[in-house]
>>> print(open('model-v3.pdb').read())   # PDB, C-alpha atoms, pLDDT in the B column
ATOM      1  CA  MET A  35      73.393 -54.675  14.162  1.00 83.00           C
ATOM      2  CA  LYS A  36      76.406 -53.167  12.444  1.00 87.00           C
ATOM      3  CA  PRO A  37      75.899 -52.022   8.851  1.00 91.00           C
ATOM      4  CA  ILE A  38      77.902 -53.950   6.327  1.00 94.00           C
ATOM      5  CA  ARG A  39      78.434 -52.627   2.820  1.00 96.00           C
ATOM      6  CA  HIS A  40      81.909 -53.961   2.190  1.00 97.00           C
ATOM      7  CA  LEU A  41      84.014 -56.527   3.966  1.00 97.00           C
ATOM      8  CA  HIS A  42      87.693 -57.027   3.309  1.00 97.00           C
ATOM      9  CA  ALA A  43      89.051 -59.938   5.283  1.00 97.00           C
ATOM     10  CA  ARG A  44      90.986 -63.182   5.211  1.00 98.00           C
ATOM     11  CA  THR A  45      89.401 -66.603   4.872  1.00 98.00           C
ATOM     12  CA  VAL A  46      89.694 -69.674   7.029  1.00 97.00           C
ATOM     13  CA  VAL A  47      88.591 -72.967   5.521  1.00 98.00           C
ATOM     14  CA  LEU A  48      86.537 -75.601   7.330  1.00 97.00           C
ATOM     15  CA  ALA A  49      85.973 -78.041   4.515  1.00 95.00           C
ATOM     16  CA  HIS A  50      83.672 -80.503   6.282  1.00 96.00           C
ATOM     17  CA  GLU A  51      80.320 -81.065   4.610  1.00 97.00           C
ATOM     18  CA  ASN A  52      76.962 -81.099   6.407  1.00 97.00           C
ATOM     19  CA  ILE A  53      78.077 -79.039   9.402  1.00 96.00           C
ATOM     20  CA  ASP A  54      74.878 -78.807  11.395  1.00 96.00           C
ATOM     21  CA  THR A  55      73.845 -76.155  13.889  1.00 96.00           C
ATOM     22  CA  ASP A  56      74.562 -78.503  16.804  1.00 94.00           C
ATOM     23  CA  ARG A  57      78.161 -78.701  15.594  1.00 96.00           C
ATOM     24  CA  ILE A  58      78.273 -74.899  15.311  1.00 96.00           C
ATOM     25  CA  ILE A  59      76.881 -74.376  18.833  1.00 95.00           C
ATOM     26  CA  PRO A  60      76.042 -77.510  20.839  1.00 92.00           C
ATOM     27  CA  ALA A  61      72.594 -77.592  22.432  1.00 88.00           C
ATOM     28  CA  ARG A  62      74.002 -77.631  25.959  1.00 90.00           C
ATOM     29  CA  PHE A  63      75.023 -73.975  25.501  1.00 88.00           C
ATOM     30  CA  LEU A  64      71.562 -72.781  24.478  1.00 85.00           C
ATOM     31  CA  THR A  65      70.638 -71.781  28.003  1.00 85.00           C
ATOM     32  CA  THR A  66      70.867 -68.082  27.230  1.00 81.00           C
ATOM     33  CA  THR A  67      69.006 -65.564  25.127  1.00 83.00           C
ATOM     34  CA  SER A  68      72.057 -63.309  25.108  1.00 83.00           C
ATOM     35  CA  ARG A  69      74.274 -63.204  22.055  1.00 83.00           C
ATOM     36  CA  ALA A  70      77.357 -62.281  24.052  1.00 87.00           C
ATOM     37  CA  GLY A  71      79.656 -65.071  25.096  1.00 89.00           C
ATOM     38  CA  LEU A  72      78.474 -67.733  22.668  1.00 92.00           C
ATOM     39  CA  GLY A  73      81.569 -67.370  20.502  1.00 94.00           C
ATOM     40  CA  GLN A  74      83.711 -69.182  23.037  1.00 94.00           C
ATOM     41  CA  HIS A  75      81.538 -72.263  22.444  1.00 94.00           C
ATOM     42  CA  ALA A  76      81.409 -72.118  18.636  1.00 95.00           C
ATOM     43  CA  PHE A  77      82.493 -75.519  17.310  1.00 96.00           C
ATOM     44  CA  GLN A  78      83.101 -76.487  20.946  1.00 96.00           C
ATOM     45  CA  ASP A  79      83.425 -80.217  20.355  1.00 95.00           C
ATOM     46  CA  TRP A  80      85.998 -79.701  17.599  1.00 96.00           C
ATOM     47  CA  ARG A  81      87.872 -76.790  19.179  1.00 95.00           C
ATOM     48  CA  TYR A  82      88.537 -78.320  22.574  1.00 95.00           C
ATOM     49  CA  ARG A  83      89.832 -81.642  23.815  1.00 94.00           C
ATOM     50  CA  GLY A  84      88.077 -83.607  26.538  1.00 91.00           C
ATOM     51  CA  ASP A  85      90.177 -81.860  29.202  1.00 95.00           C
ATOM     52  CA  GLY A  86      89.046 -78.422  27.959  1.00 92.00           C
ATOM     53  CA  THR A  87      92.328 -77.415  26.350  1.00 95.00           C
ATOM     54  CA  PRO A  88      92.255 -76.129  22.759  1.00 95.00           C
ATOM     55  CA  ASP A  89      92.929 -78.742  20.116  1.00 96.00           C
ATOM     56  CA  PRO A  90      95.841 -77.292  18.101  1.00 96.00           C
ATOM     57  CA  GLU A  91      94.836 -79.389  15.093  1.00 95.00           C
ATOM     58  CA  PHE A  92      91.422 -77.743  14.695  1.00 96.00           C
ATOM     59  CA  VAL A  93      91.599 -75.178  11.915  1.00 95.00           C
ATOM     60  CA  LEU A  94      90.181 -72.283  13.948  1.00 94.00           C
ATOM     61  CA  ASN A  95      92.813 -72.839  16.631  1.00 95.00           C
ATOM     62  CA  ARG A  96      95.742 -72.610  14.242  1.00 96.00           C
ATOM     63  CA  PRO A  97      97.798 -69.380  14.223  1.00 95.00           C
ATOM     64  CA  GLU A  98      96.987 -68.711  10.563  1.00 93.00           C
ATOM     65  CA  ALA A  99      93.283 -68.533  11.441  1.00 94.00           C
ATOM     66  CA  SER A 100      93.818 -65.685  13.891  1.00 93.00           C
ATOM     67  CA  GLY A 101      91.952 -62.610  12.680  1.00 94.00           C
ATOM     68  CA  ALA A 102      90.261 -64.363   9.762  1.00 97.00           C
ATOM     69  CA  SER A 103      86.623 -63.331   9.618  1.00 97.00           C
ATOM     70  CA  ILE A 104      85.375 -65.162   6.523  1.00 98.00           C
ATOM     71  CA  LEU A 105      84.619 -68.847   6.978  1.00 98.00           C
ATOM     72  CA  VAL A 106      84.689 -70.947   3.825  1.00 98.00           C
ATOM     73  CA  ALA A 107      82.743 -74.039   4.791  1.00 98.00           C
ATOM     74  CA  GLY A 108      81.922 -77.309   3.112  1.00 97.00           C
ATOM     75  CA  ARG A 109      78.670 -77.964   1.289  1.00 97.00           C
ATOM     76  CA  ASN A 110      75.375 -77.866   3.228  1.00 97.00           C
ATOM     77  CA  PHE A 111      76.555 -75.611   6.035  1.00 97.00           C
ATOM     78  CA  GLY A 112      74.103 -74.850   8.861  1.00 96.00           C
ATOM     79  CA  CYS A 113      71.793 -77.812   8.353  1.00 96.00           C
ATOM     80  CA  GLY A 114      69.927 -79.320  11.291  1.00 91.00           C
ATOM     81  CA  SER A 115      67.882 -77.412  13.831  1.00 87.00           C
ATOM     82  CA  SER A 116      66.727 -73.853  13.393  1.00 87.00           C
ATOM     83  CA  ARG A 117      68.570 -72.405  16.389  1.00 87.00           C
ATOM     84  CA  GLU A 118      69.318 -68.723  15.995  1.00 90.00           C
ATOM     85  CA  HIS A 119      72.185 -69.160  18.433  1.00 94.00           C
ATOM     86  CA  ALA A 120      74.320 -70.596  15.607  1.00 96.00           C
ATOM     87  CA  PRO A 121      74.858 -67.305  13.747  1.00 96.00           C
ATOM     88  CA  TRP A 122      75.101 -65.502  17.097  1.00 96.00           C
ATOM     89  CA  ALA A 123      77.967 -67.808  18.092  1.00 96.00           C
ATOM     90  CA  LEU A 124      79.800 -67.290  14.799  1.00 97.00           C
ATOM     91  CA  LEU A 125      79.447 -63.507  15.015  1.00 96.00           C
ATOM     92  CA  ASP A 126      80.588 -63.516  18.638  1.00 96.00           C
ATOM     93  CA  ALA A 127      83.581 -65.617  17.571  1.00 96.00           C
ATOM     94  CA  GLY A 128      84.589 -62.841  15.166  1.00 96.00           C
ATOM     95  CA  LEU A 129      83.264 -64.207  11.896  1.00 97.00           C
ATOM     96  CA  ARG A 130      81.389 -61.802   9.592  1.00 97.00           C
ATOM     97  CA  ALA A 131      80.726 -64.061   6.609  1.00 98.00           C
ATOM     98  CA  VAL A 132      80.222 -67.705   5.698  1.00 98.00           C
ATOM     99  CA  ILE A 133      80.727 -68.848   2.128  1.00 98.00           C
ATOM    100  CA  SER A 134      79.727 -72.247   0.803  1.00 98.00           C
ATOM    101  CA  SER A 135      78.187 -73.849  -2.243  1.00 98.00           C
ATOM    102  CA  GLU A 136      75.097 -74.676  -0.185  1.00 98.00           C
ATOM    103  CA  ILE A 137      73.841 -73.129   3.045  1.00 98.00           C
ATOM    104  CA  ALA A 138      70.734 -74.430   4.798  1.00 97.00           C
ATOM    105  CA  ASP A 139      67.770 -72.104   4.280  1.00 96.00           C
ATOM    106  CA  ILE A 140      66.869 -71.495   7.932  1.00 96.00           C
ATOM    107  CA  PHE A 141      70.472 -70.930   8.963  1.00 96.00           C
ATOM    108  CA  ARG A 142      70.934 -68.560   6.030  1.00 96.00           C
ATOM    109  CA  SER A 143      67.826 -66.597   6.989  1.00 95.00           C
ATOM    110  CA  ASN A 144      68.864 -66.395  10.650  1.00 95.00           C
ATOM    111  CA  ALA A 145      72.370 -65.373   9.660  1.00 96.00           C
ATOM    112  CA  LEU A 146      71.267 -62.543   7.384  1.00 95.00           C
ATOM    113  CA  LYS A 147      68.774 -61.260   9.959  1.00 94.00           C
ATOM    114  CA  ASN A 148      71.592 -61.025  12.482  1.00 94.00           C
ATOM    115  CA  GLY A 149      74.248 -59.418  10.296  1.00 94.00           C
ATOM    116  CA  LEU A 150      76.243 -62.506   9.325  1.00 96.00           C
ATOM    117  CA  LEU A 151      76.767 -62.661   5.564  1.00 97.00           C
ATOM    118  CA  ALA A 152      75.713 -66.110   4.359  1.00 97.00           C
ATOM    119  CA  ILE A 153      76.865 -66.352   0.767  1.00 98.00           C
ATOM    120  CA  THR A 154      76.550 -69.177  -1.701  1.00 98.00           C
ATOM    121  CA  VAL A 155      78.776 -69.477  -4.736  1.00 97.00           C
ATOM    122  CA  ASP A 156      78.740 -72.033  -7.518  1.00 96.00           C
ATOM    123  CA  ALA A 157      80.537 -75.353  -7.135  1.00 97.00           C
ATOM    124  CA  ALA A 158      83.652 -74.384  -9.124  1.00 97.00           C
ATOM    125  CA  GLU A 159      84.093 -71.124  -7.214  1.00 98.00           C
ATOM    126  CA  HIS A 160      83.556 -73.004  -3.967  1.00 98.00           C
ATOM    127  CA  ARG A 161      86.230 -75.550  -4.847  1.00 98.00           C
ATOM    128  CA  TYR A 162      88.653 -72.707  -5.596  1.00 98.00           C
ATOM    129  CA  LEU A 163      88.026 -71.067  -2.225  1.00 98.00           C
ATOM    130  CA  LEU A 164      88.365 -74.399  -0.410  1.00 98.00           C
ATOM    131  CA  ARG A 165      91.729 -75.031  -2.082  1.00 97.00           C
ATOM    132  CA  HIS A 166      93.104 -71.581  -1.181  1.00 97.00           C
ATOM    133  CA  PRO A 167      92.761 -70.926   2.560  1.00 96.00           C
ATOM    134  CA  GLY A 168      93.936 -67.580   3.848  1.00 96.00           C
ATOM    135  CA  LEU A 169      92.835 -65.566   0.823  1.00 97.00           C
ATOM    136  CA  GLU A 170      92.207 -61.863   1.319  1.00 97.00           C
ATOM    137  CA  LEU A 171      88.750 -61.357  -0.140  1.00 98.00           C
ATOM    138  CA  GLY A 172      86.708 -58.263  -0.740  1.00 98.00           C
ATOM    139  CA  ILE A 173      82.985 -58.760  -0.373  1.00 98.00           C
ATOM    140  CA  ASP A 174      80.785 -56.011  -1.770  1.00 98.00           C
ATOM    141  CA  VAL A 175      77.280 -56.386  -0.388  1.00 97.00           C
ATOM    142  CA  VAL A 176      75.987 -53.542  -2.566  1.00 96.00           C
ATOM    143  CA  THR A 177      77.030 -55.023  -5.912  1.00 97.00           C
ATOM    144  CA  GLY A 178      77.000 -58.693  -4.886  1.00 97.00           C
ATOM    145  CA  HIS A 179      80.601 -59.481  -5.779  1.00 97.00           C
ATOM    146  CA  ILE A 180      83.497 -61.218  -4.112  1.00 98.00           C
ATOM    147  CA  THR A 181      86.856 -59.913  -5.299  1.00 98.00           C
ATOM    148  CA  LEU A 182      89.878 -62.215  -5.220  1.00 97.00           C
ATOM    149  CA  PRO A 183      93.453 -61.007  -4.594  1.00 96.00           C
ATOM    150  CA  ASP A 184      94.231 -61.345  -8.322  1.00 96.00           C
ATOM    151  CA  GLY A 185      91.255 -59.172  -9.251  1.00 96.00           C
ATOM    152  CA  GLY A 186      89.006 -62.056 -10.276  1.00 96.00           C
ATOM    153  CA  ARG A 187      85.405 -61.776  -9.143  1.00 97.00           C
ATOM    154  CA  PHE A 188      82.620 -64.114  -8.132  1.00 96.00           C
ATOM    155  CA  ALA A 189      79.018 -62.913  -8.172  1.00 97.00           C
ATOM    156  CA  PHE A 190      76.542 -63.793  -5.464  1.00 97.00           C
ATOM    157  CA  THR A 191      72.929 -62.947  -4.822  1.00 96.00           C
ATOM    158  CA  LEU A 192      71.136 -61.907  -1.675  1.00 95.00           C
ATOM    159  CA  ASP A 193      67.463 -61.404  -1.031  1.00 93.00           C
ATOM    160  CA  ALA A 194      66.765 -57.698  -1.730  1.00 94.00           C
ATOM    161  CA  PHE A 195      65.252 -57.050   1.715  1.00 94.00           C
ATOM    162  CA  ALA A 196      68.121 -58.811   3.476  1.00 94.00           C
ATOM    163  CA  ARG A 197      70.630 -56.801   1.429  1.00 95.00           C
ATOM    164  CA  HIS A 198      68.854 -53.547   2.380  1.00 95.00           C
ATOM    165  CA  CYS A 199      68.853 -54.462   6.082  1.00 94.00           C
ATOM    166  CA  LEU A 200      72.545 -55.460   6.003  1.00 95.00           C
ATOM    167  CA  ILE A 201      73.547 -52.216   4.316  1.00 95.00           C
ATOM    168  CA  GLU A 202      71.449 -50.130   6.712  1.00 93.00           C
ATOM    169  CA  GLY A 203      72.460 -52.134   9.776  1.00 92.00           C
ATOM    170  CA  ILE A 204      68.898 -52.821  10.837  1.00 91.00           C
ATOM    171  CA  ASP A 205      66.903 -55.947  11.500  1.00 86.00           C
ATOM    172  CA  GLN A 206      63.238 -56.475  10.610  1.00 85.00           C
ATOM    173  CA  LEU A 207      62.046 -54.659  13.733  1.00 87.00           C
ATOM    174  CA  GLY A 208      64.393 -51.776  13.031  1.00 87.00           C
ATOM    175  CA  PHE A 209      63.023 -51.556   9.496  1.00 87.00           C
ATOM    176  CA  LEU A 210      59.480 -51.418  10.840  1.00 88.00           C
ATOM    177  CA  LEU A 211      60.368 -48.804  13.477  1.00 90.00           C
ATOM    178  CA  ARG A 212      61.877 -46.575  10.791  1.00 89.00           C
ATOM    179  CA  ALA A 213      58.459 -46.534   9.169  1.00 89.00           C
ATOM    180  CA  ASP A 214      56.700 -45.659  12.421  1.00 91.00           C
ATOM    181  CA  ALA A 215      55.860 -42.065  11.458  1.00 91.00           C
ATOM    182  CA  ALA A 216      54.501 -43.124   8.066  1.00 91.00           C
ATOM    183  CA  ILE A 217      52.428 -45.878   9.677  1.00 89.00           C
ATOM    184  CA  ARG A 218      50.993 -43.451  12.240  1.00 91.00           C
ATOM    185  CA  HIS A 219      50.231 -40.925   9.520  1.00 92.00           C
ATOM    186  CA  TYR A 220      48.448 -43.592   7.465  1.00 91.00           C
ATOM    187  CA  GLU A 221      46.441 -44.739  10.480  1.00 91.00           C
ATOM    188  CA  GLU A 222      45.392 -41.154  11.262  1.00 91.00           C
ATOM    189  CA  GLN A 223      44.255 -40.660   7.673  1.00 91.00           C
ATOM    190  CA  HIS A 224      42.297 -43.893   7.652  1.00 90.00           C
ATOM    191  CA  ALA A 225      40.830 -43.922  11.148  1.00 83.00           C
ATOM    192  CA  ALA A 226      37.392 -45.493  11.334  1.00 73.00           C
TER     193      ALA A 226
END
>>> encode(input="model-v3.pdb", output="structure tokens")
Amino acid sequence: MKPIRHLHARTVVLAHENIDTDRIIPARFLTTTSRAGLGQHAFQDWRYRGDGTPDPEFVLNRPEASGASILVAGRNFGCGSSREHAPWALLDAGLRAVISSEIADIFRSNALKNGLLAITVDAAEHRYLLRHPGLELGIDVVTGHITLPDGGRFAFTLDAFARHCLIEGIDQLGFLLRADAAIRHYEEQHAA
């Protein structure tokens, strides 16, 4: 996964509450274990009409959403099933961060393990971000701050291990493999 220390990007707002993982990536597209290609199905049932053409009213299909890589979502984002495909689909669709006042625990864990920043902010900060779509935000993973265009800052917290893995661009297996030599050395020293 790509290391992420800082992200400077524009927001797109999807203000719906309780967006579940089936809304993010419908179950009928979970026939693959590949991460590639899932982005075209992210929010499928909102993004496309019944005839398969893009719905121009859906926020991610609007011209102002083009190139935005921070999704500001309504409260309780990522609830529902534990499918890891949901963060894969968002990453493949070009999103690098999701910000909400509440993100479901399993989705948040899956997101962070796959390099998608899942950030919670307090309710007042969340309301501000919802009311101001298209903001250029700076997200500093190292210090845990979101910087607004006017210089204002919101603090956020991440699990220390998740933060380390995001900064290093490694997942849990990558972290373990980096310790391979030390593990082998320990085993040699403590062989029965």
>>> closest_residue(input="model-v3.pdb", among="A:Glu118, A:Glu51, A:Asp156, A:Asp85", to="A:Phe141", atoms="all atoms listed in the file")
A:Glu118
>>> resolve_selection(input="model-v3.pdb", expression="the PyMOL selection byres ((chain A and resi 197) around 10)", output="PyMOL selection string")
chain A and resi 38-39+146-147+149+151+175-178+191-196+198-203
>>> atom_distance(input="model-v3.pdb", atom1="atom CA of A:Phe209", atom2="atom CA of A:Lys36")
13.8 Å
>>> resolve_selection(input="model-v3.pdb", expression="the PyMOL selection byres ((chain A and resi 136) around 10)", output="list in words")
Glu51, Asn52, Ala107, Gly108, Arg109, Asn110, Phe111, Gly112, Cys113, Ile133, Ser134, Ser135, Ile137, Ala138, Asp139, Arg142, Ala152, Ile153, Thr154, Val155, Asp156, Ala157 and His160 of chain A
>>> closest_residue(input="model-v3.pdb", among="A:Ala43, A:His119, A:Ala189, A:Gln223", to="A:Phe63", atoms="all atoms listed in the file")
A:His119
>>> atom_distance(input="model-v3.pdb", atom1="atom CA of A:Ala127", atom2="atom CA of A:Ala158")
28.1 Å
>>> resolve_selection(input="model-v3.pdb", expression="the PyMOL selection byres ((chain A and resi 105) around 9)", output="ChimeraX atom specification")
/A:44-48,102-104,106-107,129-134
>>> closest_residue(input="model-v3.pdb", among="A:Pro37, A:His42, A:Asn95, A:His224", to="A:Asp174", atoms="all atoms listed in the file")
A:His42
>>> atom_distance(input="model-v3.pdb", atom1="atom CA of A:Pro90", atom2="atom CA of A:Asp56")
21.4 Å
>>> residues_around(input="model-v3.pdb", residues="A:Pro60", least_positions_apart="4", cutoff="10 Å", atoms="all atoms listed in the file", output="MDAnalysis selection string")
chainID A and resid 54:56 64 75:79 119:120
>>> closest_residue(input="model-v3.pdb", among="A:Gln74, A:Ser143, A:Ser100, A:Thr181", to="A:Gln206", atoms="only C-alpha atoms")
A:Ser143
>>> closest_residue(input="model-v3.pdb", among="A:Leu72, A:Ala99, A:Ala225, A:Ile53", to="A:Leu169", atoms="all atoms listed in the file")
A:Ala99
>>> residues_around(input="model-v3.pdb", residues="A:Gly73", least_positions_apart="6", cutoff="6 Å", atoms="only C-alpha atoms", output="count of residues only")
4
>>> decode(input="model-v3.pdb", residues="stretch 86-108 of chain A", atoms="N, CA, C and O atoms", output="compact mmCIF listing (two decimals), in the first residue's frame")
# COMPACT_ATOMS: atom_id res chain seq x y z
N GLY A 86 -28.24 1.97 -16.75
CA GLY A 86 -26.78 1.92 -16.69
C GLY A 86 -26.09 3.24 -16.97
O GLY A 86 -24.86 3.32 -16.87
N THR A 87 -26.83 4.27 -17.29
CA THR A 87 -26.19 5.57 -17.52
C THR A 87 -25.98 6.29 -16.19
O THR A 87 -26.77 6.12 -15.25
N PRO A 88 -24.92 7.09 -16.10
CA PRO A 88 -24.67 7.81 -14.84
C PRO A 88 -25.81 8.77 -14.50
O PRO A 88 -26.34 9.44 -15.38
N ASP A 89 -26.16 8.80 -13.24
CA ASP A 89 -27.18 9.74 -12.77
C ASP A 89 -26.49 11.08 -12.50
O ASP A 89 -25.69 11.19 -11.57
N PRO A 90 -26.78 12.11 -13.29
CA PRO A 90 -26.07 13.38 -13.13
C PRO A 90 -26.38 14.08 -11.80
O PRO A 90 -25.66 14.99 -11.40
N GLU A 91 -27.42 13.63 -11.13
CA GLU A 91 -27.77 14.25 -9.84
C GLU A 91 -26.96 13.69 -8.68
O GLU A 91 -26.88 14.32 -7.62
N PHE A 92 -26.36 12.52 -8.84
CA PHE A 92 -25.59 11.94 -7.74
C PHE A 92 -24.30 12.74 -7.56
O PHE A 92 -23.59 13.04 -8.53
N VAL A 93 -23.99 13.07 -6.33
CA VAL A 93 -22.90 14.00 -6.03
C VAL A 93 -21.57 13.58 -6.64
O VAL A 93 -20.80 14.42 -7.11
N LEU A 94 -21.26 12.30 -6.67
CA LEU A 94 -19.97 11.88 -7.22
C LEU A 94 -19.93 11.95 -8.75
O LEU A 94 -18.86 11.83 -9.35
N ASN A 95 -21.07 12.13 -9.37
CA ASN A 95 -21.11 12.27 -10.82
C ASN A 95 -21.08 13.73 -11.27
O ASN A 95 -20.98 14.00 -12.46
N ARG A 96 -21.17 14.64 -10.36
CA ARG A 96 -21.18 16.05 -10.72
C ARG A 96 -19.76 16.52 -11.07
O ARG A 96 -18.79 16.04 -10.50
N PRO A 97 -19.66 17.48 -11.99
CA PRO A 97 -18.32 17.95 -12.41
C PRO A 97 -17.47 18.43 -11.24
O PRO A 97 -16.25 18.22 -11.23
N GLU A 98 -18.08 19.08 -10.26
CA GLU A 98 -17.29 19.61 -9.14
C GLU A 98 -16.68 18.50 -8.26
O GLU A 98 -15.77 18.76 -7.48
N ALA A 99 -17.15 17.29 -8.42
CA ALA A 99 -16.59 16.17 -7.65
C ALA A 99 -15.37 15.56 -8.32
O ALA A 99 -14.60 14.83 -7.69
N SER A 100 -15.15 15.91 -9.59
CA SER A 100 -14.03 15.33 -10.32
C SER A 100 -12.71 15.67 -9.63
O SER A 100 -12.42 16.83 -9.37
N GLY A 101 -11.93 14.67 -9.35
CA GLY A 101 -10.63 14.86 -8.71
C GLY A 101 -10.65 14.98 -7.20
O GLY A 101 -9.61 14.99 -6.57
N ALA A 102 -11.82 15.09 -6.61
CA ALA A 102 -11.89 15.16 -5.14
C ALA A 102 -11.54 13.79 -4.58
O ALA A 102 -12.03 12.77 -5.05
N SER A 103 -10.69 13.77 -3.57
CA SER A 103 -10.30 12.47 -3.01
C SER A 103 -10.56 12.35 -1.52
O SER A 103 -10.11 11.40 -0.88
N ILE A 104 -11.28 13.31 -0.96
CA ILE A 104 -11.70 13.22 0.44
C ILE A 104 -13.22 13.22 0.46
O ILE A 104 -13.85 14.17 0.01
N LEU A 105 -13.79 12.15 0.98
CA LEU A 105 -15.24 12.04 1.08
C LEU A 105 -15.66 12.45 2.49
O LEU A 105 -15.21 11.87 3.47
N VAL A 106 -16.50 13.48 2.57
CA VAL A 106 -17.11 13.85 3.84
C VAL A 106 -18.49 13.22 3.83
O VAL A 106 -19.34 13.57 3.01
N ALA A 107 -18.68 12.25 4.70
CA ALA A 107 -19.92 11.47 4.70
C ALA A 107 -20.74 11.75 5.94
O ALA A 107 -20.22 12.23 6.96
N GLY A 108 -22.02 11.42 5.85
CA GLY A 108 -22.90 11.57 7.00
C GLY A 108 -22.52 10.64 8.13
O GLY A 108 -21.67 9.75 7.99
